[in-house]
Every structure is written in C-alpha cells, then in structure tokens.
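K.L.:
One file: protein_1.cif (mmCIF, C-alpha atoms).
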data_run
#
loop_
_atom_site.label_atom_id
_atom_site.label_comp_id
_atom_site.auth_asym_id
_atom_site.auth_seq_id
_atom_site.Cartn_x
_atom_site.Cartn_y
_atom_site.Cartn_z
CA MET B 621 -16.35 36.57 53.66
CA ILE B 622 -12.64 35.98 53.03
CA ASP B 623 -12.12 39.67 53.58
CA LEU B 624 -13.70 39.36 56.97
CA PHE B 625 -11.51 36.42 57.96
CA ALA B 626 -8.38 38.18 56.76
CA PHE B 627 -9.44 41.23 58.67
CA LEU B 628 -9.97 39.25 61.88
CA CYS B 629 -6.59 37.56 61.44
CA PHE B 630 -4.88 40.93 61.06
CA LEU B 631 -6.76 42.24 64.04
CA VAL B 632 -5.66 39.35 66.25
CA LEU B 633 -2.09 39.55 64.98
CA GLY B 634 -2.05 43.31 65.44
CA PHE B 635 -3.37 43.00 68.95
CA GLY B 636 -1.00 40.18 69.96
CA PHE B 637 2.21 41.61 68.57
CA GLY B 638 1.31 45.22 69.29
CA ARG B 639 0.50 44.49 72.89
CA TYR B 640 3.65 42.43 73.39
CA ALA B 641 5.84 45.08 71.77
CA GLU B 642 4.26 47.80 73.89
CA SER B 643 4.68 46.00 77.20
CA GLN B 644 8.31 45.12 76.38
CA HIS B 645 8.99 48.69 75.37
CA TYR B 646 7.50 50.11 78.56
CA LYS B 647 9.60 47.72 80.65
CA SER B 648 12.73 48.86 78.84
CA ILE B 649 11.77 52.55 79.11
CA ILE B 650 11.13 52.35 82.86
CA LYS B 651 14.40 50.47 83.41
CA ARG B 652 16.50 52.95 81.44
CA GLU B 653 14.80 55.97 82.98
CA LYS B 654 16.04 54.74 86.34
CA LEU B 655 19.47 54.18 84.86
CA PHE B 656 19.75 57.78 83.64
CA ILE B 657 18.11 59.33 86.70
CA ASN B 658 21.37 61.14 87.51
CA LEU B 659 21.53 62.74 84.08
CA PRO B 660 18.69 65.25 84.19
CA ALA B 661 17.25 66.75 81.02
CA ILE B 662 15.38 70.00 81.56
CA PRO B 663 14.10 72.79 79.35
CA ILE B 664 15.85 75.81 80.95
CA LYS B 665 17.97 77.68 78.45
CA THR B 666 21.06 78.76 80.34
CA PRO B 667 23.13 76.98 82.95
CA PHE B 668 23.08 78.32 86.52
CA PRO B 669 25.96 80.67 87.34
CA SER B 670 27.25 78.05 89.75
CA GLU B 671 27.84 75.66 86.87
CA PHE B 672 30.81 76.36 84.68
CA PRO B 673 30.59 73.96 81.79
CA GLN B 674 33.86 73.18 80.16
CA SER B 675 32.11 72.23 77.00
CA THR B 676 28.63 71.96 75.50
CA ALA B 677 27.29 69.82 72.68
CA LEU B 678 24.09 69.37 70.77
CA VAL B 679 22.59 66.01 71.59
CA SER B 680 19.55 64.50 70.00
CA GLY B 681 17.52 61.35 70.04
CA ASN B 682 14.81 60.42 67.65
CA VAL B 683 12.45 57.53 67.36
CA VAL B 684 9.79 56.32 64.95
CA ILE B 685 7.08 54.02 66.26
CA SER B 686 4.42 52.47 64.10
CA ILE B 687 0.89 51.78 65.13
CA ASP B 688 -0.46 48.28 64.70
CA PHE B 689 -3.57 47.12 62.90
CA PHE B 690 -5.51 46.82 66.14
CA LYS B 691 -4.71 50.37 67.26
CA LYS B 692 -5.64 51.69 63.85
CA PHE B 693 -8.98 49.91 63.92
CA LEU B 694 -9.73 51.23 67.40
CA SER B 695 -8.86 54.75 66.33
CA GLY B 696 -11.19 54.44 63.34
CA LEU B 697 -14.10 53.53 65.55
CA ARG B 698 -13.14 56.31 67.96
CA LEU B 699 -13.48 58.82 65.16
CA ILE B 700 -17.18 58.06 65.00
CA VAL B 701 -18.04 58.47 68.66
CA GLY B 702 -15.25 60.74 69.87
CA GLY B 703 -13.34 60.71 73.14
CA ARG B 704 -9.83 59.93 74.28
CA LEU B 705 -7.83 58.14 71.61
CA LYS B 706 -6.27 55.86 74.17
CA SER B 707 -4.74 53.54 71.63
CA TYR B 708 -2.60 56.39 70.28
CA GLU B 709 -1.84 58.02 73.61
CA SER B 710 0.38 55.19 74.76
CA LEU B 711 2.13 55.31 71.39
CA VAL B 712 2.98 58.99 71.68
CA ASP B 713 3.95 58.54 75.33
CA ARG B 714 6.38 55.77 74.42
CA ALA B 715 7.84 57.73 71.52
CA ARG B 716 8.42 60.82 73.61
CA ARG B 717 10.08 59.00 76.48
CA GLU B 718 12.18 56.86 74.15
CA ALA B 719 13.42 59.94 72.26
CA ILE B 720 14.47 61.61 75.51
CA LEU B 721 16.21 58.42 76.60
CA ARG B 722 18.15 58.20 73.34
CA MET B 723 19.17 61.81 73.69
CA LYS B 724 20.32 61.11 77.24
CA GLU B 725 22.25 58.12 76.00
CA GLU B 726 24.16 60.32 73.59
CA ALA B 727 24.78 62.86 76.33
CA HIS B 728 25.96 60.09 78.63
CA GLN B 729 28.47 58.90 76.07
CA LEU B 730 29.82 62.45 75.82
CA GLY B 731 30.23 62.44 79.59
CA ALA B 732 27.60 65.13 80.14
CA GLU B 733 26.13 65.68 83.56
CA MET B 734 22.90 67.21 82.34
CA VAL B 735 21.06 68.28 79.21
CA LEU B 736 19.60 71.76 79.09
CA ASN B 737 17.22 73.49 76.70
CA VAL B 738 15.47 70.24 75.89
CA LYS B 739 12.99 70.50 73.03
CA LEU B 740 10.69 67.97 71.48
CA GLU B 741 9.41 67.82 67.97
CA THR B 742 6.97 65.41 66.52
CA SER B 743 5.70 64.52 63.09
CA SER B 744 3.73 61.70 61.57
CA ILE B 745 5.64 59.81 58.90
CA SER B 746 2.81 58.74 56.63
CA LYS B 747 0.72 61.83 56.96
CA GLY B 748 -2.21 61.95 54.61
CA SER B 749 -1.49 58.80 52.65
CA LYS B 750 -4.67 56.79 52.78
CA GLY B 751 -4.74 53.17 53.81
CA LYS B 752 -1.17 53.20 55.08
CA ILE B 753 -0.29 52.34 58.63
CA GLY B 754 0.63 55.56 60.32
CA SER B 755 3.64 56.06 62.52
CA VAL B 756 4.83 58.81 64.78
CA GLU B 757 8.28 60.35 64.90
CA VAL B 758 9.54 62.18 67.97
CA LEU B 759 12.81 64.09 68.00
CA ALA B 760 14.28 65.25 71.30
CA TYR B 761 17.26 67.59 71.31
CA GLY B 762 19.10 69.74 73.77
CA THR B 763 22.42 71.09 74.93
CA ALA B 764 24.61 68.67 76.81
CA ILE B 765 26.57 70.27 79.65
CA ILE B 766 29.91 68.54 79.85
CA PRO B 767 32.06 69.18 82.97
CA ALA B 768 35.83 69.62 82.89
CA SER B 769 36.45 66.17 84.28
CA ALA B 770 34.78 64.61 81.27
CA VAL B 771 36.30 66.82 78.62
CA SER B 772 39.79 65.45 79.21
CA ARG B 773 38.55 62.08 78.00
CA PHE B 774 38.31 63.30 74.41
CA MET S 612 19.79 74.46 93.32
CA LYS S 613 19.87 70.80 92.54
CA ILE S 614 18.70 69.81 89.11
CA GLU S 615 17.18 66.40 88.81
CA ASN S 616 14.65 64.29 86.92
CA LYS S 617 12.24 62.21 88.94
CA ILE S 618 10.86 58.81 88.06
CA ILE S 619 7.90 59.42 85.81
CA PRO S 620 4.62 58.23 87.35
CA GLU S 621 2.71 55.89 85.08
CA GLY S 622 -0.89 56.09 83.99
CA ILE S 623 -1.12 59.85 83.38
CA ASN S 624 -0.40 60.24 79.69
CA ALA S 625 -1.26 56.70 78.76
CA THR S 626 -3.89 54.75 80.64
CA ASP S 627 -3.42 51.27 81.98
CA ASP S 628 -6.90 50.32 80.76
CA HIS S 629 -6.95 47.10 78.81
CA PRO S 630 -7.43 47.93 75.13
CA LEU S 631 -9.82 45.01 74.68
CA LYS S 632 -12.27 46.79 76.95
CA GLU S 633 -12.34 49.77 74.63
CA PHE S 634 -12.45 47.48 71.62
CA THR S 635 -15.51 45.60 72.86
CA PHE S 636 -17.29 48.77 73.82
CA LEU S 637 -16.61 50.50 70.51
CA THR S 638 -17.17 47.58 68.19
CA PHE S 639 -20.45 46.47 69.65
CA GLY S 640 -21.60 50.03 70.19
CA VAL S 641 -20.91 51.25 66.68
CA ILE S 642 -21.81 48.09 64.77
CA GLY S 643 -24.89 47.57 66.92
CA THR S 644 -26.08 51.11 66.31
CA LEU S 645 -25.44 50.74 62.61
CA ILE S 646 -27.43 47.53 62.43
CA VAL S 647 -30.33 49.20 64.23
CA ILE S 648 -30.21 52.11 61.77
CA VAL S 649 -30.08 49.82 58.76
CA VAL S 650 -32.92 47.67 60.04
CA LEU S 651 -35.07 50.72 60.75
CA ILE S 652 -34.36 52.26 57.35
CA SER S 653 -34.97 48.97 55.58
CA PHE S 654 -38.23 48.60 57.41
CA PHE S 655 -39.45 52.02 56.33
CA THR S 656 -38.28 51.58 52.74
CA GLU S 657 -40.17 48.32 52.59
CA LEU S 658 -43.24 50.09 53.88
CA LEU S 659 -42.95 52.99 51.45
CA ALA S 660 -41.57 51.31 48.31
CA PRO S 661 -44.92 49.84 47.21
CA PHE S 662 -46.38 53.34 47.11
CA LEU S 663 -44.02 54.35 44.31
CA PRO S 664 -46.04 54.04 41.11
CA PHE S 665 -45.06 51.10 38.94
CA SER S 666 -44.75 53.42 35.94
CA TRP S 667 -41.86 55.18 37.64
CA GLU S 668 -40.15 51.85 38.09
CA GLN S 669 -40.65 51.13 34.39
CA LYS S 670 -39.10 54.45 33.46
CA VAL S 671 -36.01 53.69 35.51
CA ALA S 672 -35.78 50.23 34.00
CA ALA S 673 -36.07 51.54 30.44
CA GLN S 674 -32.76 53.34 30.85
CA TYR S 675 -30.67 50.24 31.17
CA GLN S 676 -32.91 47.82 29.30
CA GLN S 677 -31.40 49.04 26.03
CA THR S 678 -27.88 48.10 27.04
CA LEU S 679 -29.00 44.69 28.23
CA LEU S 680 -30.76 43.89 24.96
CA LEU S 681 -27.96 45.19 22.77
CA LYS S 682 -25.42 43.11 24.63
CA ASN S 683 -27.68 40.10 24.31
CA ILE S 684 -28.45 40.22 20.61
CA GLY S 685 -25.39 41.97 19.25
CA ASN S 686 -24.47 40.87 15.73
CA LYS S 687 -25.88 37.36 15.51
CA SER S 688 -27.31 35.52 12.48
CA LYS S 689 -30.84 35.86 11.14
CA GLU S 690 -31.70 32.38 12.30
CA PHE S 691 -30.61 33.27 15.77
CA HIS S 692 -32.97 36.23 15.73
CA ARG S 693 -35.87 34.08 14.57
CA ASN S 694 -35.22 31.46 17.25
CA HIS S 695 -34.75 34.14 19.81
CA GLN S 696 -38.10 35.66 18.94
CA GLN S 697 -39.92 32.34 19.09
CA LEU S 698 -38.35 31.44 22.39
CA THR S 699 -39.14 34.81 23.90
CA ALA S 700 -42.72 34.53 22.66
CA TYR S 701 -43.07 31.14 24.35
CA LEU S 702 -41.61 32.42 27.61
CA GLN S 703 -43.78 35.53 27.42
CA GLN S 704 -47.04 33.60 27.03
CA LEU S 705 -46.04 31.38 29.96
CA ALA S 706 -45.28 34.50 31.99
CA ASN S 707 -48.66 36.00 31.07
CA LYS S 708 -50.42 32.86 32.26
CA ILE S 709 -48.54 32.97 35.54
CA ALA S 710 -49.14 36.69 35.94
CA LYS S 711 -52.85 36.07 35.51
CA SER S 712 -52.77 33.31 38.12
CA GLN S 713 -51.11 35.68 40.58
CA SER S 714 -53.68 38.39 39.72
CA LEU S 715 -51.12 41.12 39.13
CA PRO S 716 -52.49 44.71 39.21
CA ALA S 717 -53.60 45.99 35.80
CA ASP S 718 -50.72 48.43 35.35
CA MET S 719 -48.10 45.84 36.21
CA ASN S 720 -46.97 43.97 33.12
CA VAL S 721 -44.26 41.37 32.99
CA THR S 722 -41.73 41.36 30.14
CA VAL S 723 -39.57 38.30 29.68
CA HIS S 724 -36.06 38.45 28.24
CA TYR S 725 -33.88 35.57 27.23
CA VAL S 726 -30.12 35.85 27.59
CA ASP S 727 -27.79 33.45 25.81
CA THR S 728 -25.31 32.58 28.57
CA GLU S 729 -24.33 29.52 30.55
CA MET S 730 -25.64 30.87 33.81
CA ILE S 731 -28.20 28.60 35.50
CA ASN S 732 -30.33 31.40 36.78
CA ALA S 733 -33.23 33.74 36.27
CA PHE S 734 -33.94 37.04 37.90
CA ALA S 735 -36.59 39.70 38.20
CA THR S 736 -35.70 43.33 38.06
CA LEU S 737 -37.18 46.82 38.05
CA GLY S 738 -40.04 47.56 35.71
CA GLY S 739 -41.45 44.02 35.62
CA HIS S 740 -38.60 42.57 33.59
CA VAL S 741 -37.80 38.90 34.06
CA VAL S 742 -34.54 37.63 32.61
CA VAL S 743 -34.06 33.93 31.93
CA PHE S 744 -30.65 32.51 31.03
CA ARG S 745 -29.92 29.72 28.58
CA GLY S 746 -28.20 27.64 31.26
CA LEU S 747 -31.43 27.42 33.22
CA LEU S 748 -33.57 26.39 30.24
CA GLU S 749 -31.10 23.65 29.37
CA LYS S 750 -31.21 22.22 32.86
CA LEU S 751 -34.94 22.21 33.58
CA PRO S 752 -36.78 18.93 32.89
CA ASP S 753 -40.28 20.23 32.08
CA GLU S 754 -42.57 23.22 31.81
CA ASN S 755 -43.79 22.85 35.39
CA ALA S 756 -40.28 23.38 36.68
CA LEU S 757 -39.83 26.39 34.41
CA ALA S 758 -43.21 27.75 35.49
CA TRP S 759 -42.19 27.49 39.12
CA VAL S 760 -38.98 29.46 38.56
CA MET S 761 -40.83 32.10 36.56
CA ALA S 762 -43.66 32.24 39.07
CA HIS S 763 -41.04 32.84 41.75
CA GLU S 764 -39.61 35.77 39.78
CA ILE S 765 -43.05 37.18 38.95
CA ALA S 766 -43.94 36.95 42.64
CA HIS S 767 -40.91 39.18 43.30
CA ILE S 768 -42.33 41.71 40.86
CA ARG S 769 -45.78 41.46 42.42
CA ASN S 770 -44.33 42.03 45.88
CA ARG S 771 -42.34 45.01 44.51
CA ASP S 772 -39.14 43.37 45.73
CA PRO S 773 -36.83 44.93 43.09
CA ILE S 774 -37.86 48.47 44.04
CA LYS S 775 -37.62 47.59 47.72
CA SER S 776 -34.06 46.37 47.35
CA LEU S 777 -33.18 49.35 45.20
CA GLY S 778 -34.52 51.74 47.82
CA ARG S 779 -32.73 49.87 50.55
CA GLY S 780 -29.52 49.73 48.54
CA VAL S 781 -29.62 53.46 47.86
CA ILE S 782 -30.35 54.44 51.44
CA ILE S 783 -27.81 52.07 52.93
CA GLY S 784 -25.30 53.28 50.36
CA ILE S 785 -25.92 56.82 51.57
CA VAL S 786 -25.52 55.81 55.24
CA MET S 787 -22.33 53.95 54.42
CA SER S 788 -20.80 56.77 52.45
CA ILE S 789 -21.66 59.24 55.18
CA THR S 790 -19.95 57.11 57.82
CA GLY S 791 -17.20 56.47 55.28
CA VAL S 792 -16.54 60.16 54.85
CA ALA S 793 -16.77 60.71 58.59
CA VAL S 794 -14.37 57.91 59.36
CA GLY S 795 -12.06 58.05 56.37
CA ASN S 796 -10.63 54.72 57.42
CA GLU S 797 -10.85 51.95 54.87
CA MET S 798 -10.69 49.11 57.36
CA VAL S 799 -13.48 50.39 59.51
CA ASN S 800 -15.53 51.14 56.42
CA ASN S 801 -15.04 47.60 55.24
CA VAL S 802 -16.21 46.10 58.50
CA LEU S 803 -19.14 48.47 58.82
CA GLY S 804 -20.08 47.79 55.21
CA GLN S 805 -20.02 44.06 55.75
CA SER S 806 -22.17 44.21 58.85
CA GLY S 807 -24.62 46.49 57.07
CA LEU S 808 -24.78 44.17 54.09
CA LEU S 809 -25.46 41.11 56.22
CA THR S 810 -28.47 42.79 57.74
CA VAL S 811 -29.77 43.58 54.27
CA LEU S 812 -29.42 39.98 53.16
CA LYS S 813 -31.63 38.83 55.98
CA PHE S 814 -34.48 40.86 54.56
CA SER S 815 -33.85 39.51 51.14
CA ARG S 816 -34.09 35.93 52.46
CA ASP S 817 -37.58 36.65 53.75
CA GLN S 818 -38.53 37.99 50.33
CA GLU S 819 -37.20 34.84 48.68
CA GLU S 820 -39.24 32.64 50.95
CA GLU S 821 -42.36 34.63 50.25
CA ALA S 822 -41.76 34.35 46.51
CA ASP S 823 -41.19 30.60 46.84
CA ILE S 824 -44.57 30.18 48.49
CA GLU S 825 -46.33 32.47 46.04
CA ALA S 826 -44.85 30.41 43.20
CA LEU S 827 -46.34 27.27 44.73
CA TYR S 828 -49.79 28.85 44.71
CA SER S 829 -49.39 29.71 41.02
CA LEU S 830 -48.17 26.26 40.14
CA ASN S 831 -51.12 24.65 41.87
CA LYS S 832 -53.54 27.02 40.16
CA LEU S 833 -52.08 26.48 36.70
CA TYR S 834 -51.44 22.74 36.71
CA GLY S 835 -53.57 21.41 39.58
CA HIS S 836 -50.52 20.05 41.40
CA VAL S 837 -47.13 21.30 42.59
CA GLY S 838 -44.95 18.57 41.11
CA SER S 839 -41.57 19.64 39.70
CA ALA S 840 -41.49 22.66 41.99
CA GLY S 841 -38.23 21.49 43.44
CA ALA S 842 -36.66 20.53 40.11
CA PHE S 843 -34.70 23.74 40.02
CA PHE S 844 -33.25 22.97 43.43
CA VAL S 845 -32.16 19.48 42.39
CA GLN S 846 -30.02 21.16 39.75
CA ALA S 847 -28.87 23.84 42.13
CA LYS S 848 -27.84 21.21 44.66
CA LYS S 849 -25.82 19.31 42.09
CA LEU S 850 -24.05 22.53 41.27
CA GLN S 851 -23.41 23.31 44.89
CA LYS S 852 -21.83 19.91 45.36
CA ALA S 853 -19.71 20.45 42.29
CA ASN S 854 -18.50 23.73 43.67
CA ALA S 855 -18.06 22.19 47.11
CA ALA S 856 -17.96 25.69 48.52
CA MET S 857 -18.90 26.30 52.10
CA THR S 858 -22.15 28.18 52.30
CA PHE S 859 -23.34 29.67 55.53
CA GLU S 860 -26.89 30.78 55.40
CA PHE S 861 -26.16 34.06 57.12
CA PHE S 862 -23.84 35.08 54.29
CA ALA S 863 -26.20 34.11 51.47
CA SER S 864 -28.89 36.23 49.89
CA HIS S 865 -31.06 33.19 49.30
CA PRO S 866 -31.96 30.65 51.98
CA LEU S 867 -30.03 27.40 51.78
CA THR S 868 -31.41 24.98 49.23
CA GLU S 869 -32.30 22.35 51.85
CA ASN S 870 -34.25 24.89 53.84
CA ARG S 871 -36.15 26.01 50.77
CA ILE S 872 -37.04 22.46 49.79
CA SER S 873 -38.29 21.64 53.27
CA LYS S 874 -40.29 24.88 53.34
CA ILE S 875 -41.89 23.96 50.01
CA GLU S 876 -42.75 20.52 51.33
CA GLN S 877 -44.18 22.00 54.49
CA VAL S 878 -46.38 24.52 52.66
CA THR S 879 -47.52 21.87 50.19
CA GLY S 880 -48.46 19.58 53.07
CA ASN S 881 -50.34 22.33 54.90
CA HIS S 882 -52.51 23.06 51.85
CA GLY S 883 -52.97 19.44 50.93
CA TRP S 884 -51.75 20.14 47.41
CA LYS S 885 -51.05 17.18 45.15
CA ILE S 886 -47.40 16.45 44.57
CA LYS S 887 -47.87 14.24 41.56
CA GLY S 888 -49.86 14.98 38.46
CA GLU S 889 -49.66 15.49 34.75
CA ILE S 890 -46.32 16.98 33.82
CA VAL S 891 -46.35 19.35 30.85
CA PRO S 892 -43.23 18.87 28.76
CA LEU S 893 -41.25 21.78 27.40
CA PRO S 894 -41.92 22.53 23.70
CA LYS S 895 -40.03 20.12 21.45
CA GLN S 896 -38.44 22.97 19.52
CA LEU S 897 -37.01 24.48 22.69
CA LEU S 898 -33.58 22.90 22.33
CA HIS S 899 -33.52 24.06 18.72
CA TRP S 900 -34.39 27.61 19.78
CA LEU S 901 -31.60 27.67 22.28
#
Rewrite the structure from the file as structure tokens, please.
P.N.:
Amino acid sequence: MIDLFAFLCFLVLGFGFGRYAESQHYKSIIKREKLFINLPAIPIKTPFPSEFPQSTALVSGNVVISIDFFKKFLSGLRLIVGGRLKSYESLVDRARREAILRMKEEAHQLGAEMVLNVKLETSSISKGSKGKIGSVEVLAYGTAIIPASAVSRF
Amino acid sequence: MKIENKIIPEGINATDDHPLKEFTFLTFGVIGTLIVIVVLISFFTELLAPFLPFSWEQKVAAQYQQTLLLKNIGNKSKEFHRNHQQLTAYLQQLANKIAKSQSLPADMNVTVHYVDTEMINAFATLGGHVVVFRGLLEKLPDENALAWVMAHEIAHIRNRDPIKSLGRGVIIGIVMSITGVAVGNEMVNNVLGQSGLLTVLKFSRDQEEEADIEALYSLNKLYGHVGSAGAFFVQAKKLQKANAAMTFEFFASHPLTENRISKIEQVTGNHGWKIKGEIVPLPKQLLHWL
C-alpha cells in the first residue's frame, strides 16, 4: 500500500520534472543550433582543396543525460508489448544534439570555421546494474578547421 | 562547394506525442490484460482444486507440520505439556462436533493445534489443520464465540479454500515470475505484482463470506441459536480502533468487520434464526490451561 503511494509519487515527480527538463533542454538546443548555424560540422574526412587550413585541432563535446522515473516505467511496460521506445528516443536525440553543440562550442572558441570528420560515440553509464536509473552518454568529436585569420589570435 | 548545416527538423527522431498518451495506453493495456489472466487462472484453479484428493493435501501439510509443532512446544515444562494436551483435546472435540454439523466428507478430518502466542487469530491450512492462538482464546467470552470462529475455519477446509489459494498462489507466482523475467524491471514488477495480488484478494473475500455464513449454519445446528457469533468481531473492532490504521476494503484479504457483521445479521434474519439463547461457557480450567 505504502509502496504503491511512494511509487505513484515518484511517477508524478518523474513525469513533472522530466517533462520540464526535456522541454527546457529542447528550447536551448534549438536556440543554440541556430546560433552555430555558420559553423558546420560534417563527417567528411579531408578538407576540400579550396580550403587551406592554417591549423587543425581535435574538438569534442560530451554529455550524460539521465532518464527519469516516468521514462523508466514506460520503457518497462514497453518491453512487454514491444514497439518504439519513444520515451528513450527523445533522450538519445537530446544527448546527440547536445554533444554536437558542445563540440561546436569548443570549435567556436578556437575560432574554427567548420568541424570535419565528426564522429559520435555512445555508451550507457549504468549498464547492467539492476534497479539503477540508467543514463546515456554521447561523445561527439571531430577536427576543427581553423583559418589563418583566427590562428593569429593565439 | 559550400559546406553548411541546416536547421534540424523536429519530430523525426523523437516524436512530439504526449508521453501521457503512451502511459495510459500501456498501463491500462498491460495491467488490464494481467488482471484478466489472473482472474481466468484463478477461476480455473477454483474449479479444479476440489478435484485434488484430500490425501494429497494432507501429504503436503505433513511436511511443514513438524516444524510448526516443534516451534510451538520446544523445551517447555512437563506441566505445560499436560495443559497443552488437555487444551488441544478440548479444542479437538469441539472441532469434531462442528465438523459433524457441517457433514464433512469421510476422508476429511480436522486436526486442531494450539499455539502459545499473543496473536488474536485462528487459521485453517492445508491438510485439514486448524491453528488457534492463545490470544484468541483469552479474548473470547464463551464457547459459542469460539465455536463460531472454529466453524468458520472448518468451513474453509470443507470448501477446500487452502488448496484453492495455494493453487492460485502458485500459478500467479509463475505468471509473475515469467513477466518478471521478461521485463527485468523491478518497478514494473512491483506494480504488476500489486495489481495481481489485489485481484487475488477479491476472491479470498468471497471465500471468507462463504465461510462466515457456513459457520452460522453450524452454530445454529449445534446450539439452537446464533448468539455470540459476532463476539470475535467485537474484539477485532476494538483492536482495529486501537491500531487506528486506515483499512480500505479493496486492500484487505478479509471483508471489513462492519460488512461482515451486517452480513451475519442479514443471513440470520433471512433464516429466522434466534439471536439469543443459552450460552455455553468455556471450560473453567481453560485459563489454567493457557
């Protein structure tokens, strides 16, 4: 009985805070993506012959996002009936975009004009440990192409 | 060639669907299905349980009866043993009378055990064993009240309730552990387990009510009236007040005391049974035996 009440409390809290955090995060992601629109990050490996970078640098951004109680509960029920794990999809989407944004931020501070050879890696922090709230880590890294005009700033 | 990133369109990787929609769909779908399964299984176990021979039930019971008795008697004095024997003999002859009044099948024999603990309770279990606790004997005012409680427990045995609940428990346990393994998520397991359990309790409440009514029949047959039938509940009510705990009927295995009393009154009224009559006192030595 008490278990059930505690569970419902956690569920409501998880839903409330989780939903708020997610909507705030998406707002911030969309805003910053527009901000860095002129700093493209693409997966090609070598710069075009027309570009003559003065300098290159490894840039990376990583993020860890935790699921909330509500998402975890939904995922548990999903495991019975199958289908799209929507509650986790938004989580991974946020993590991926945030990691790229953080990488871009680093590149921006170095004065880069683009990031090439972008790669993404992901891992789950609490893999396999039962009963623990899981979280996802996404690491984005690439080569920042820094033009001559920016190099002089160092 | 111009290299650029475009604004990412929303709603491809993550949907804009409201999560509560999914939540409602999944929760009611899964829990609803589970309840249907549990109800169906319980129904069939109830149908089939009485076909298990009583001797099989006795065999199962014999396995743990030893531990119960050893724990009960342990290393007590000789006098304790003598009192214990006399008390058990008294309870047993009362049980035999009741069993006769309920016309139990020939192979179904009731064995009474007395356990020396505070608990104000009695229960019936597999193999026709009825266990009465000291706390109950101390609280009951007369033999009629005791007979009602014992008749209630013997009615459980007659209706094969212990084996029914065992069968149900086992099968529901299997269903739960299968979903548990499939899900591997403690929280979901917990919730599913709770909802499964609640459905089980509902069945058990019906069994309790049936036993209550059966006990009234016995009481009327044995004593010619049903007085003192509610004496146990008067005590139970006092206790409930003392505990002051909130009790919702849906979460209880037994119906609420008030509901049971009113049911007793209703059944008594319907049959035109006498409420008052000669009350048989408990044996004088009873308190000494305890």
K.L.:
Residues picked by the PyMOL selection byres ((chain S and resi 614) around 10) here, as a ChimeraX atom specification?
P.N.:
/B:658-662,668,734 /S:612-613,615-617
K.L.:
Expressed in Å to a single decimal, how great is the separation between CA of Leu651 (chain S) and CA of Leu637 (chain S)?
P.N.:
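Straight-line distance from CA of Leu651 (chain S) to CA of Leu637 (chain S) works out to 20.9 Å.
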K.L.:
Under the rule of at most 6 Å, produce a per-residue listing of chain B near chain S: chain, number, name, the closest pair of atoms, and the distance in Å, as CSV, using all atoms listed in the file.
P.N.:
residue,atom,partner,partner_atom,distance
B:Pro660,CA,S:Asn616,CA,5.0
B:Gly696,CA,S:Asn796,CA,6.0
B:Leu699,CA,S:Val794,CA,5.9
B:Glu709,CA,S:Ala625,CA,5.3
B:Ser710,CA,S:Ala625,CA,4.6
K.L.:
Take the point (-42.4, 21.5, 53.0) in the file's coordinates, draw a sphere of radius 12 Å around it, and report as number ranges by chain every protein, DNA or RNA residue with an atom inside or on it, counting all atoms listed in the file.
P.N.:
S: 820, 823-824, 827, 837, 840-841, 869-884, 886
K.L.:
Within 10 Å of Glu718 (chain B), counting all atoms listed in the file, which residues qualify if same-chain residues fewer than 4 places away don't, as a list in words?
P.N.:
His645, Tyr646, Ser648, Ile649, Ile650, Arg652, Glu653, Gly681, Asn682, Val683, Val684, Ile685, Val712, Asp713, Arg714, Arg722, Met723, Lys724, Val758, Leu759 and Ala760 of chain B
K.L.:
Quick one: pull the distance between CA of Phe689 (chain B) and CA of Phe627 (chain B), Å, one decimal.
P.N.:
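Result for CA of Phe689 (chain B) versus CA of Phe627 (chain B): 9.3 Å, one decimal.
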K.L.:
Using all atoms listed in the file, which protein or nucleic acid residues come within 9 Å of Ser776 (chain S)? Drop anything in the same chain fewer than 6 positions from it, and give the result as a list in words.
P.N.:
Ser653, Thr656, Glu657, Val811 and Ser815 of chain S
K.L.:
Nearest to Ile646 (chain S) among S:Ile783, S:Tyr834, S:Lys887, S:Ala717, with distances taken over only C-alpha atoms: which residue is it?
P.N.:
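The closest residue to Ile646 (chain S) is S:Ile783.
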K.L.:
If I take CA of Leu694 (chain B) and CA of Tyr708 (chain B), how far is one from the other in Å, to one decimal?
P.N.:
9.3 Å
K.L.:
Tell me which of S:Gly643, S:Gly746, S:Pro716, S:Gly739 sits closest to Val671 (chain S), counting all atoms listed in the file.
P.N.:
S:Gly739
K.L.:
Between B:Ser695, B:Asn737, B:Ser769, B:Ser755, which one has atoms that come closest to Thr666 (chain B), using only C-alpha atoms?
P.N.:
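Nearest candidate to Thr666 (chain B) out of B:Ser695, B:Asn737, B:Ser769, B:Ser755: B:Asn737.
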K.L.:
Write out as JSON, numbers by chain which residues come within 10 Å of Leu702 (chain S) when counting all atoms listed in the file, dropping same-chain ones fewer than 6 positions away.
P.N.:
{"S": [696, 708, 722, 723, 724, 725, 741, 743, 757, 758, 761]}
K.L.:
Within 10 Å of Val760 (chain S), counting all atoms listed in the file, which residues qualify if same-chain residues fewer than 4 places away don't, as a list in words?
P.N.:
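The neighbour list is Asn732, Ala733, Phe734, Val743, Leu747, Leu751, Glu754, Asn755, Ala756, Glu764, Ile765, Ala766, Ala822, Asp823, Ala826, Leu827, Leu830, Ala840, Gly841, Ala842, Phe843 and Phe844 of chain S.
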K.L.:
Looking at S:Leu658, S:Arg693, S:Ile789, S:Gly888, which one is nearest to Ile700 (chain B), with distances taken over only C-alpha atoms?
P.N.:
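With only C-alpha atoms as the atom set, the closest residue is S:Ile789.
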K.L.:
Applying 12 Å and only C-alpha atoms, which residues near Glu690 (chain S) remain after dropping the ones on its own chain fewer than 5 positions away? List them as a list in words.
P.N.:
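Counting only the stated atoms, we get Ile684, His695, Gln696, Gln697, His899, Trp900 and Leu901 of chain S.
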K.L.:
Could you check which of B:Phe693, B:Ser680, B:Glu757, B:Leu736 is closest to Lys665 (chain B), using only C-alpha atoms?
P.N.:
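Checking each candidate against Lys665 (chain B), we get B:Leu736 as the closest.
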